[in-house]
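As provided, structure_19.cif (mmCIF, C-alpha atoms) reads as follows.
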data_run
loop_
_atom_site.group_PDB
_atom_site.id
_atom_site.type_symbol
_atom_site.label_atom_id
_atom_site.label_comp_id
_atom_site.auth_asym_id
_atom_site.auth_seq_id
_atom_site.Cartn_x
_atom_site.Cartn_y
_atom_site.Cartn_z
ATOM 1 C CA MET A 11 0.000 0.000 0.000
ATOM 2 C CA ALA A 12 1.453 3.377 -1.119
ATOM 3 C CA ASN A 13 2.290 6.035 1.496
ATOM 4 C CA SER A 14 -0.247 8.986 1.057
ATOM 5 C CA ARG A 15 1.527 11.417 3.385
ATOM 6 C CA PRO A 16 3.423 14.290 1.656
ATOM 7 C CA PRO A 17 7.161 14.080 1.845
ATOM 8 C CA LEU A 18 8.934 15.752 4.755
ATOM 9 C CA GLY A 19 10.722 18.223 2.482
ATOM 10 C CA ARG A 20 7.449 19.577 1.122
ATOM 11 C CA ILE A 21 6.066 20.028 4.607
ATOM 12 C CA LEU A 22 9.153 22.046 5.664
ATOM 13 C CA ARG A 23 8.928 24.319 2.617
ATOM 14 C CA LEU A 24 5.257 24.996 3.324
ATOM 15 C CA ALA A 25 6.022 25.850 6.990
ATOM 16 C CA VAL A 26 8.738 28.288 5.978
ATOM 17 C CA ALA A 27 6.374 30.027 3.535
ATOM 18 C CA VAL A 28 3.660 30.438 6.190
ATOM 19 C CA ALA A 29 6.159 31.835 8.678
ATOM 20 C CA ALA A 30 7.438 34.329 6.122
ATOM 21 C CA CYS A 31 3.926 35.611 5.466
ATOM 22 C CA ALA A 32 3.323 36.060 9.202
ATOM 23 C CA CYS A 33 6.559 38.011 9.775
ATOM 24 C CA PHE A 34 6.365 40.280 6.751
ATOM 25 C CA PRO A 35 2.871 41.776 6.274
ATOM 26 C CA ASN A 36 1.741 43.184 2.970
ATOM 27 C CA PRO A 37 3.273 46.580 2.137
ATOM 28 C CA VAL A 38 1.162 49.689 2.977
ATOM 29 C CA SER A 39 -0.442 51.080 -0.112
ATOM 30 C CA GLY A 40 -0.839 54.649 1.253
ATOM 31 C CA ILE A 41 0.020 56.986 4.153
ATOM 32 C CA ARG A 42 -2.660 58.494 6.395
ATOM 33 C CA LYS A 43 -2.920 62.196 5.762
ATOM 34 C CA ASP A 44 -4.751 63.072 8.974
ATOM 35 C CA ILE A 45 -1.691 62.405 11.135
ATOM 36 C CA GLY A 46 1.152 64.949 11.371
ATOM 37 C CA PHE A 47 3.721 66.377 13.719
ATOM 38 C CA ILE A 48 2.454 68.947 16.246
ATOM 39 C CA GLU A 49 4.017 72.375 15.731
ATOM 40 C CA PRO A 50 5.853 73.524 18.880
ATOM 41 C CA ILE A 51 4.255 76.550 20.531
ATOM 42 C CA VAL A 52 6.655 79.483 20.816
ATOM 43 C CA CYS A 53 5.822 82.905 22.279
ATOM 44 C CA ARG A 54 7.421 86.271 21.935
ATOM 45 C CA SER A 55 7.876 88.003 25.261
ATOM 46 C CA THR A 56 9.091 91.249 26.771
ATOM 47 C CA VAL A 57 12.521 91.356 28.357
ATOM 48 C CA GLN A 58 12.436 94.804 29.929
ATOM 49 C CA GLY A 59 11.579 93.967 33.521
ATOM 50 C CA ARG A 60 13.652 92.083 36.045
ATOM 51 C CA HIS A 61 10.677 90.532 37.814
ATOM 52 C CA LEU A 62 7.732 90.435 35.361
ATOM 53 C CA ILE A 63 7.376 89.341 31.750
ATOM 54 C CA SER A 64 4.424 89.568 29.371
ATOM 55 C CA ASP A 65 4.017 87.374 26.294
ATOM 56 C CA ASP A 66 2.290 87.959 22.977
ATOM 57 C CA ASN A 67 -0.740 85.962 24.141
ATOM 58 C CA GLY A 68 -1.536 88.679 26.670
ATOM 59 C CA TYR A 69 -0.422 86.889 29.848
ATOM 60 C CA VAL A 70 1.820 88.362 32.559
ATOM 61 C CA CYS A 71 3.992 86.195 34.807
ATOM 62 C CA SER A 72 7.101 86.288 36.934
ATOM 63 C CA ALA A 73 10.404 85.869 35.145
ATOM 64 C CA LEU A 74 10.988 82.609 37.045
ATOM 65 C CA SER A 75 7.714 81.003 35.938
ATOM 66 C CA ILE A 76 8.057 81.520 32.197
ATOM 67 C CA ASN A 77 8.500 78.335 30.148
ATOM 68 C CA PRO A 78 12.209 78.168 29.194
ATOM 69 C CA TRP A 79 11.474 76.311 25.941
ATOM 70 C CA SER A 80 8.417 78.129 24.597
ATOM 71 C CA HIS A 81 9.011 81.495 26.353
ATOM 72 C CA CYS A 82 5.284 81.507 27.164
ATOM 73 C CA CYS A 83 3.746 82.497 30.487
ATOM 74 C CA PRO A 84 1.483 79.994 32.280
ATOM 75 C CA THR A 85 -2.120 80.389 31.167
ATOM 76 C CA THR A 86 -3.425 80.185 34.724
ATOM 77 C CA GLY A 87 -3.396 83.957 35.277
ATOM 78 C CA ASP A 88 -5.585 86.705 33.846
ATOM 79 C CA ARG A 89 -5.243 87.352 30.144
ATOM 80 C CA PHE A 90 -5.118 90.954 28.913
ATOM 81 C CA SER A 91 -4.721 92.107 32.518
ATOM 82 C CA CYS A 92 -4.970 95.865 33.156
ATOM 83 C CA GLN A 93 -3.734 95.701 36.746
ATOM 84 C CA GLY A 94 -2.380 99.085 37.827
ATOM 85 C CA CYS A 95 -3.800 100.869 34.764
ATOM 86 C CA LYS A 96 -5.993 103.941 34.353
ATOM 87 C CA LEU A 97 -8.186 102.902 31.464
ATOM 88 C CA ASP A 98 -9.537 106.400 30.802
ATOM 89 C CA LEU A 99 -5.970 107.522 30.080
ATOM 90 C CA GLN A 100 -4.745 104.164 28.704
ATOM 91 C CA CYS A 101 -1.720 104.478 30.991
ATOM 92 C CA CYS A 102 -0.281 101.993 33.529
ATOM 93 C CA ASN A 103 2.296 102.009 36.307
ATOM 94 C CA SER A 104 3.902 98.800 35.012
ATOM 95 C CA TYR A 105 5.420 98.155 31.595
ATOM 96 C CA GLU A 106 4.379 94.484 31.493
ATOM 97 C CA TYR A 107 0.750 95.125 32.459
ATOM 98 C CA CYS A 108 0.672 97.980 29.948
ATOM 99 C CA VAL A 109 1.638 95.524 27.180
ATOM 100 C CA SER A 110 -0.884 92.934 28.418
ATOM 101 C CA CYS A 111 -3.719 95.486 28.583
ATOM 102 C CA CYS A 112 -2.768 96.933 25.191
ATOM 103 C CA LEU A 113 -3.052 93.493 23.537
ATOM 104 C CA ASN A 114 -6.755 93.301 24.395
ATOM 105 C CA PRO A 115 -8.633 93.547 21.064
ATOM 106 C CA SER A 116 -11.293 95.664 22.768
ATOM 107 C CA LYS A 117 -8.659 98.285 23.691
ATOM 108 C CA ILE A 118 -6.548 98.433 20.532
ATOM 109 C CA LYS A 119 -7.799 97.564 17.045
ATOM 110 C CA LYS A 120 -5.355 95.694 14.827
ATOM 111 C CA GLU A 121 -6.482 97.545 11.718
ATOM 112 C CA ASP A 122 -5.674 100.886 13.379
ATOM 113 C CA VAL A 123 -2.227 99.769 14.545
ATOM 114 C CA LEU A 124 -1.089 98.454 11.163
ATOM 115 C CA LYS A 125 -1.639 101.910 9.635
ATOM 116 C CA LEU A 126 0.678 103.677 12.093
ATOM 117 C CA LYS A 127 4.271 104.512 11.337
ATOM 118 C CA VAL A 128 6.907 103.361 13.798
ATOM 119 C CA ALA A 129 8.596 106.767 13.741
ATOM 120 C CA LYS A 130 7.882 110.252 12.453
ATOM 121 C CA PRO A 131 10.027 110.319 9.269
ATOM 122 C CA VAL A 132 8.125 109.584 6.099
ATOM 123 C CA THR A 133 10.611 106.794 5.316
ATOM 124 C CA ALA A 134 9.766 104.867 8.506
ATOM 125 C CA GLY A 135 7.901 101.590 8.194
ATOM 126 C CA THR A 136 4.644 100.564 9.814
ATOM 127 C CA TYR A 137 3.999 98.101 12.631
ATOM 128 C CA THR A 138 3.670 94.513 11.457
ATOM 129 C CA ASN A 139 1.657 93.314 14.460
ATOM 130 C CA VAL A 140 -0.053 94.525 17.631
ATOM 131 C CA PHE A 141 2.614 93.073 19.961
ATOM 132 C CA ASP A 142 5.349 95.208 18.388
ATOM 133 C CA PHE A 143 3.105 98.255 18.712
ATOM 134 C CA CYS A 144 2.335 97.565 22.390
ATOM 135 C CA MET A 145 5.981 96.956 23.288
ATOM 136 C CA GLY A 146 6.993 100.200 21.614
ATOM 137 C CA ARG A 147 4.175 102.409 22.894
ATOM 138 C CA CYS A 148 4.429 101.217 26.499
ATOM 139 C CA ARG A 149 8.080 102.172 26.801
ATOM 140 C CA HIS A 150 9.007 105.543 28.280
ATOM 141 C CA SER A 151 9.213 108.558 26.003
ATOM 142 C CA SER A 152 10.003 112.233 26.381
ATOM 143 C CA ALA A 153 6.272 112.795 26.862
ATOM 144 C CA SER A 154 6.381 111.007 30.238
ATOM 145 C CA VAL A 155 9.317 112.960 31.683
ATOM 146 C CA VAL A 156 9.559 116.389 33.300
ATOM 147 C CA HIS A 157 12.755 118.292 34.059
ATOM 148 C CA GLU A 158 14.584 115.615 31.992
ATOM 149 C CA ASN A 159 15.106 113.376 35.039
ATOM 150 C CA ALA A 160 11.730 112.703 36.674
ATOM 151 C CA TYR A 161 8.469 111.070 35.619
ATOM 152 C CA ALA A 162 5.406 113.286 35.377
ATOM 153 C CA SER A 163 3.297 110.540 36.971
ATOM 154 C CA ASP A 164 3.481 106.964 38.253
ATOM 155 C CA PHE A 165 1.301 106.037 35.263
ATOM 156 C CA HIS A 166 3.964 106.690 32.650
ATOM 157 C CA HIS A 167 3.495 103.575 30.488
ATOM 158 C CA CYS A 168 0.838 104.551 27.928
ATOM 159 C CA PHE A 169 -0.476 102.731 24.853
ATOM 160 C CA SER A 170 -2.958 105.164 23.306
ATOM 161 C CA VAL A 171 -3.112 105.289 19.519
ATOM 162 C CA GLN A 172 -1.976 108.743 18.458
ATOM 163 C CA GLN A 173 -2.938 110.324 15.194
ATOM 164 C CA ASN A 174 -0.192 110.630 12.563
ATOM 165 C CA SER A 175 -1.041 114.294 12.033
ATOM 166 C CA SER A 176 0.190 117.206 14.150
ATOM 167 C CA GLY A 177 -2.906 116.914 16.336
ATOM 168 C CA SER A 178 -3.356 114.448 19.170
ATOM 169 C CA THR A 179 -6.258 112.497 20.471
ATOM 170 C CA GLU A 180 -7.801 113.731 23.707
ATOM 171 C CA SER A 181 -6.469 110.776 25.679
ATOM 172 C CA SER A 182 -2.885 111.372 24.513
ATOM 173 C CA VAL A 183 -3.080 115.062 25.520
ATOM 174 C CA VAL A 184 -4.368 114.106 28.955
ATOM 175 C CA SER A 185 -1.587 111.536 29.400
ATOM 176 C CA LYS A 186 1.062 114.136 28.523
ATOM 177 C CA LEU A 187 -0.302 116.431 31.214
ATOM 178 C CA LEU A 188 -0.181 113.798 33.967
ATOM 179 C CA GLY A 189 1.669 115.331 36.934
ATOM 180 C CA ILE A 190 1.488 118.811 35.383
ATOM 181 C CA ASN A 191 -0.327 121.724 37.012
ATOM 182 C CA VAL A 192 -1.795 123.876 34.256
ATOM 183 C CA VAL A 193 -1.863 127.410 35.657
ATOM 184 C CA VAL A 194 -3.196 130.674 34.215
ATOM 185 C CA GLY A 195 -0.833 133.509 35.083
ATOM 186 C CA ARG A 196 -1.526 137.150 35.768
ATOM 187 C CA PRO A 197 -0.990 139.873 33.154
ATOM 188 C CA GLY A 198 2.687 140.488 32.464
ATOM 189 C CA GLU A 199 3.959 137.318 34.180
ATOM 190 C CA SER A 200 6.244 134.797 32.492
ATOM 191 C CA CYS A 201 5.618 131.089 33.037
ATOM 192 C CA SER A 202 8.907 130.860 34.913
ATOM 193 C CA LEU A 203 7.547 133.367 37.430
ATOM 194 C CA VAL A 204 4.047 131.834 37.504
ATOM 195 C CA CYS A 205 5.457 128.428 38.486
ATOM 196 C CA LYS A 206 8.112 129.794 40.830
ATOM 197 C CA VAL A 207 5.475 131.566 42.944
ATOM 198 C CA ARG A 208 3.884 128.145 43.481
ATOM 199 C CA GLY A 209 7.171 126.508 44.467
ATOM 200 C CA GLN A 210 7.429 124.692 41.130
ATOM 201 C CA SER A 211 9.249 125.030 37.818
ATOM 202 C CA CYS A 212 7.981 125.601 34.315
ATOM 203 C CA VAL A 213 8.269 122.506 32.092
ATOM 204 C CA PRO A 214 9.286 123.704 28.587
ATOM 205 C CA SER A 215 8.516 120.360 26.929
ATOM 206 C CA ARG A 216 4.824 120.707 27.862
ATOM 207 C CA LEU A 217 4.317 124.167 26.337
ATOM 208 C CA SER A 218 3.659 122.545 22.950
ATOM 209 C CA VAL A 219 0.844 120.477 24.515
ATOM 210 C CA LEU A 220 -0.850 123.665 25.761
ATOM 211 C CA ASN A 221 -0.168 125.507 22.505
ATOM 212 C CA LYS A 222 -3.478 124.503 20.892
ATOM 213 C CA CYS A 223 -6.820 126.263 20.617
ATOM 214 C CA GLU A 224 -8.786 123.395 22.178
ATOM 215 C CA ILE A 225 -6.524 123.522 25.255
ATOM 216 C CA LEU A 226 -6.601 127.313 25.526
ATOM 217 C CA GLN A 227 -10.392 127.258 25.280
ATOM 218 C CA LYS A 228 -10.529 124.660 28.062
ATOM 219 C CA TYR A 229 -8.689 126.864 30.582
ATOM 220 C CA MET A 230 -9.518 130.365 29.322
ATOM 221 C CA ARG A 231 -12.575 132.185 28.025
ATOM 222 C CA CYS A 232 -11.221 133.065 24.551
ATOM 223 C CA LYS A 233 -14.409 135.086 24.016
ATOM 224 C CA SER A 234 -12.941 136.869 20.988
ATOM 225 C CA GLY A 235 -11.739 133.684 19.305
ATOM 226 C CA CYS A 236 -8.447 131.819 18.991
ATOM 227 C CA PHE A 237 -5.761 132.844 16.511
ATOM 228 C CA PRO A 238 -2.230 131.873 15.440
ATOM 229 C CA SER A 239 0.448 134.411 16.289
ATOM 230 C CA LEU A 240 4.158 134.858 16.949
ATOM 231 C CA GLY A 241 5.291 135.972 20.372
ATOM 232 C CA PRO A 242 7.393 134.716 23.298
ATOM 233 C CA ASP A 243 4.402 135.151 25.652
ATOM 234 C CA GLN A 244 2.274 132.468 23.985
ATOM 235 C CA PRO A 245 0.155 130.409 24.482
ATOM 236 C CA ALA A 246 -1.798 133.189 26.163
ATOM 237 C CA GLU A 247 -5.024 135.218 26.339
ATOM 238 C CA VAL A 248 -5.205 138.943 25.666
ATOM 239 C CA VAL A 249 -6.698 140.722 28.697
ATOM 240 C CA ASP A 250 -9.931 142.682 28.337
ATOM 241 C CA GLU A 251 -8.155 145.946 29.249
ATOM 242 C CA ALA A 252 -5.740 145.702 26.304
ATOM 243 C CA PRO A 253 -5.900 148.245 23.455
ATOM 244 C CA THR A 254 -8.483 147.464 20.795
ATOM 245 C CA SER A 255 -5.713 146.913 18.254
ATOM 246 C CA LEU A 256 -4.522 143.897 20.259
ATOM 247 C CA ASN A 257 -7.922 142.144 20.051
ATOM 248 C CA PRO A 258 -8.921 141.981 23.763
ATOM 249 C CA GLY A 259 -10.311 138.612 24.883
ATOM 250 C CA ALA A 260 -8.597 136.667 22.093
ATOM 251 C CA CYS A 261 -6.476 133.570 22.716
ATOM 252 C CA LEU A 262 -3.172 133.293 20.874
ATOM 253 C CA TYR A 263 -1.074 130.247 20.114
ATOM 254 C CA MET A 264 2.467 130.174 18.741
ATOM 255 C CA GLN A 265 2.762 129.166 15.094
ATOM 256 C CA MET A 266 6.242 127.720 15.640
ATOM 257 C CA ASP A 267 6.524 125.269 18.554
ATOM 258 C CA GLU A 268 10.323 125.415 18.541
ATOM 259 C CA ARG A 269 10.171 129.044 19.669
ATOM 260 C CA LEU A 270 8.077 128.382 22.762
ATOM 261 C CA THR A 271 9.734 129.528 25.970
ATOM 262 C CA CYS A 272 8.961 129.725 29.684
ATOM 263 C CA ASP A 273 10.543 133.180 30.020
ATOM 264 C CA GLY A 274 8.433 135.239 27.616
ATOM 265 C CA SER A 275 5.841 137.742 28.865
ATOM 266 C CA HIS A 276 3.671 140.665 27.701
ATOM 267 C CA GLN A 277 1.935 143.292 29.799
ATOM 268 C CA HIS A 278 -1.401 142.730 28.037
ATOM 269 C CA THR A 279 -1.556 138.900 28.077
ATOM 270 C CA ARG A 280 -2.033 136.128 30.617
ATOM 271 C CA ARG A 281 0.012 133.030 29.926
ATOM 272 C CA LEU A 282 -1.086 129.395 30.142
ATOM 273 C CA CYS A 283 1.727 127.596 31.964
ATOM 274 C CA PRO A 284 2.765 123.966 32.665
ATOM 275 C CA CYS A 285 4.192 123.727 36.209
ATOM 276 C CA ALA A 286 5.667 120.735 38.036
#
Rewrite the coordinates I just gave you, this time as C-alpha cells.
Amino acid sequence: MANSRPPLGRILRLAVAVAACACFPNPVSGIRKDIGFIEPIVCRSTVQGRHLISDDNGYVCSALSINPWSHCCPTTGDRFSCQGCKLDLQCCNSYEYCVSCCLNPSKIKKEDVLKLKVAKPVTAGTYTNVFDFCMGRCRHSSASVVHENAYASDFHHCFSVQQNSSGSTESSVVSKLLGINVVVGRPGESCSLVCKVRGQSCVPSRLSVLNKCEILQKYMRCKSGCFPSLGPDQPAEVVDEAPTSLNPGACLYMQMDERLTCDGSHQHTRRLCPCA
C-alpha cells in the first residue's frame, strides 16, 4: 500500500512560507494624511523687567515662571490684565501690564495699529503686528518725563493710539499732562515766574501740549476767538483791558513750537503755563 503522506521536504517548505507571510505583512499602499507632527508653541515676550514678563498671548507672569522652551507664560493667570492701569488715560504704572492690557482687542484695534508709522520720518515703516506696537508704545518717552530726570506721573506707560497728524487724540493730551499743574498767570507774568510763585518750575517740553486752541479754550474764556500768532508770551489770552488793536479777549497760540519759551511775557496777556 502506497504512502499517502506528503514528503517531509514539502512540509518544511510549506512551513517556511507560512512563517514568512506572518513576519512580513503586505506593504502599505498609502500613508494616512490626517496624522502629522504637532508644531511647537513658541511665544514672543518682553525682556524689559527684572521681575515680570508679558508674552504675545496677553499673559503676565514672573520671570521665574516663564516656560524656558516656549518662552510663554502659564495660562493660569488673567489674560489681557490691566492691573495698575488707568483705562480712561490708557496708561499703567507697570510696563508688562501695559503691554498685556494693550493686547486686548477691545482696547486696541489691529487695523488701526497696522496703519501707524513706527517713527515720524516719512521713510519709517509701519507696525507689522499689535505686539510690536504695544511693546513700543508702552516704553518711556520724552512725553512722560519732566525736568529731563523725573516722571510726570506713576502712570507713565501709555499705549494710546496717536494720530499721525500734528494733532493728538484727547487721551494722549491728557496723558502728557499727567503730573502737570496747568496754571493761568496774571498779566505780564512769564511762566517761569508763575510756576516759581507756586514753588514749582515751568516745564518747557509741555508748552507745545498747551499751545493749541482746544486747550486754551478749556482753561480760558477766549471770548474773541483763537488765533495763530508769533510771540514769546504764547500760548496766552489777551486781557480785556488791552488796546483794541490787540484784540482783547482773544487767545493766541504760537505758530512755531520750537520758539516756545517759559521766560516770555507781555503786559497785556495772561500766559497758560505747565508747572511741576
So that I can see what lies close to A:Ala246, please list as a PyMOL selection string the residues with an atom at most 9 Å from it, counting only C-alpha atoms and leaving out residues fewer than 4 positions away in the same chain. chain A and resi 194-195+221+226+230+260-263+279-283
Please write as a ChimeraX atom specification the full residue list that the PyMOL selection byres ((chain A and resi 209-214) around 8) yields on this file. /A:156-157,201-202,205-208,215-217,270-272,283-286
I need the residue set behind the PyMOL selection byres ((chain A and resi 256) around 12) for this file; please write it as an mmCIF file with C-alpha atoms, keeping the file's coordinate frame.
data_model
loop_
_atom_site.group_PDB
_atom_site.id
_atom_site.type_symbol
_atom_site.label_atom_id
_atom_site.label_comp_id
_atom_site.auth_asym_id
_atom_site.auth_seq_id
_atom_site.Cartn_x
_atom_site.Cartn_y
_atom_site.Cartn_z
ATOM 1 C CA SER A 234 -12.941 136.869 20.988
ATOM 2 C CA PHE A 237 -5.761 132.844 16.511
ATOM 3 C CA SER A 239 0.448 134.411 16.289
ATOM 4 C CA GLU A 247 -5.024 135.218 26.339
ATOM 5 C CA VAL A 248 -5.205 138.943 25.666
ATOM 6 C CA VAL A 249 -6.698 140.722 28.697
ATOM 7 C CA ASP A 250 -9.931 142.682 28.337
ATOM 8 C CA GLU A 251 -8.155 145.946 29.249
ATOM 9 C CA ALA A 252 -5.740 145.702 26.304
ATOM 10 C CA PRO A 253 -5.900 148.245 23.455
ATOM 11 C CA THR A 254 -8.483 147.464 20.795
ATOM 12 C CA SER A 255 -5.713 146.913 18.254
ATOM 13 C CA ASN A 257 -7.922 142.144 20.051
ATOM 14 C CA PRO A 258 -8.921 141.981 23.763
ATOM 15 C CA GLY A 259 -10.311 138.612 24.883
ATOM 16 C CA ALA A 260 -8.597 136.667 22.093
ATOM 17 C CA CYS A 261 -6.476 133.570 22.716
ATOM 18 C CA LEU A 262 -3.172 133.293 20.874
ATOM 19 C CA HIS A 276 3.671 140.665 27.701
ATOM 20 C CA GLN A 277 1.935 143.292 29.799
ATOM 21 C CA HIS A 278 -1.401 142.730 28.037
ATOM 22 C CA THR A 279 -1.556 138.900 28.077
#
Given the PyMOL selection byres ((chain A and resi 99-111) around 8) and the file above, list the residues it selects as an mmCIF file with C-alpha atoms, in the frame of the given file.
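Generated output (out-v9.cif):
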data_model
loop_
_atom_site.group_PDB
_atom_site.id
_atom_site.type_symbol
_atom_site.label_atom_id
_atom_site.label_comp_id
_atom_site.auth_asym_id
_atom_site.auth_seq_id
_atom_site.Cartn_x
_atom_site.Cartn_y
_atom_site.Cartn_z
ATOM 1 C CA THR A 56 9.091 91.249 26.771
ATOM 2 C CA GLN A 58 12.436 94.804 29.929
ATOM 3 C CA GLY A 59 11.579 93.967 33.521
ATOM 4 C CA LEU A 62 7.732 90.435 35.361
ATOM 5 C CA ILE A 63 7.376 89.341 31.750
ATOM 6 C CA SER A 64 4.424 89.568 29.371
ATOM 7 C CA ASP A 65 4.017 87.374 26.294
ATOM 8 C CA GLY A 68 -1.536 88.679 26.670
ATOM 9 C CA TYR A 69 -0.422 86.889 29.848
ATOM 10 C CA VAL A 70 1.820 88.362 32.559
ATOM 11 C CA ARG A 89 -5.243 87.352 30.144
ATOM 12 C CA PHE A 90 -5.118 90.954 28.913
ATOM 13 C CA SER A 91 -4.721 92.107 32.518
ATOM 14 C CA CYS A 92 -4.970 95.865 33.156
ATOM 15 C CA GLN A 93 -3.734 95.701 36.746
ATOM 16 C CA GLY A 94 -2.380 99.085 37.827
ATOM 17 C CA CYS A 95 -3.800 100.869 34.764
ATOM 18 C CA LYS A 96 -5.993 103.941 34.353
ATOM 19 C CA LEU A 97 -8.186 102.902 31.464
ATOM 20 C CA ASP A 98 -9.537 106.400 30.802
ATOM 21 C CA CYS A 112 -2.768 96.933 25.191
ATOM 22 C CA LEU A 113 -3.052 93.493 23.537
ATOM 23 C CA ASN A 114 -6.755 93.301 24.395
ATOM 24 C CA LYS A 117 -8.659 98.285 23.691
ATOM 25 C CA PHE A 141 2.614 93.073 19.961
ATOM 26 C CA CYS A 144 2.335 97.565 22.390
ATOM 27 C CA MET A 145 5.981 96.956 23.288
ATOM 28 C CA CYS A 148 4.429 101.217 26.499
ATOM 29 C CA ARG A 149 8.080 102.172 26.801
ATOM 30 C CA ASP A 164 3.481 106.964 38.253
ATOM 31 C CA PHE A 165 1.301 106.037 35.263
ATOM 32 C CA HIS A 166 3.964 106.690 32.650
ATOM 33 C CA HIS A 167 3.495 103.575 30.488
ATOM 34 C CA CYS A 168 0.838 104.551 27.928
ATOM 35 C CA PHE A 169 -0.476 102.731 24.853
ATOM 36 C CA SER A 170 -2.958 105.164 23.306
ATOM 37 C CA SER A 181 -6.469 110.776 25.679
ATOM 38 C CA SER A 182 -2.885 111.372 24.513
ATOM 39 C CA VAL A 184 -4.368 114.106 28.955
ATOM 40 C CA SER A 185 -1.587 111.536 29.400
#
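Counting from atom CA of A:Pro197, the distance to atom CA of A:Lys233 is 16.9 Å.
Going from atom CA of A:Gln244 to atom CA of A:Gly274 covers 7.7 Å.
Picture a line from atom CA of A:Ser116 to atom CA of A:Val140; it runs 12.4 Å.
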Quick one: of A:Lys125, A:Lys222, A:Lys186, A:Arg54, who's nearest to A:Ser80, counting all atoms listed in the file?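 Result for the nearest residue to A:Ser80: A:Arg54.
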A:Val219, A:Leu203, A:Met266, A:Asp142 ranked by distance to A:Leu188, top pick (using all atoms listed in the file):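 That would be A:Val219, the residue with the smallest distance to A:Leu188.
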Enumerate, as a ChimeraX atom specification, the protein, DNA and RNA residues whose atoms approach (14.1, 76.3, 25.2) to within 12 Å, taking into account all atoms listed in the file and the coordinate frame of the file. /A:50-53,76-82
Counting only C-alpha atoms, which residues sit no farther than 7 Å from the position (6.9, 87.7, 38.0) in the file's frame? I'd like them as a list of chain:residue names.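 In the file's frame, the residues around the point are A:His61, A:Leu62, A:Ile63, A:Cys71, A:Ser72, A:Ala73, A:Leu74.
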Top pick for closest residue to A:Cys236, considering A:Glu224, A:Arg60, A:Gly189, A:Cys83 and counting only C-alpha atoms: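 When distances to A:Cys236 are compared using only C-alpha atoms, the smallest one comes from A:Glu224.
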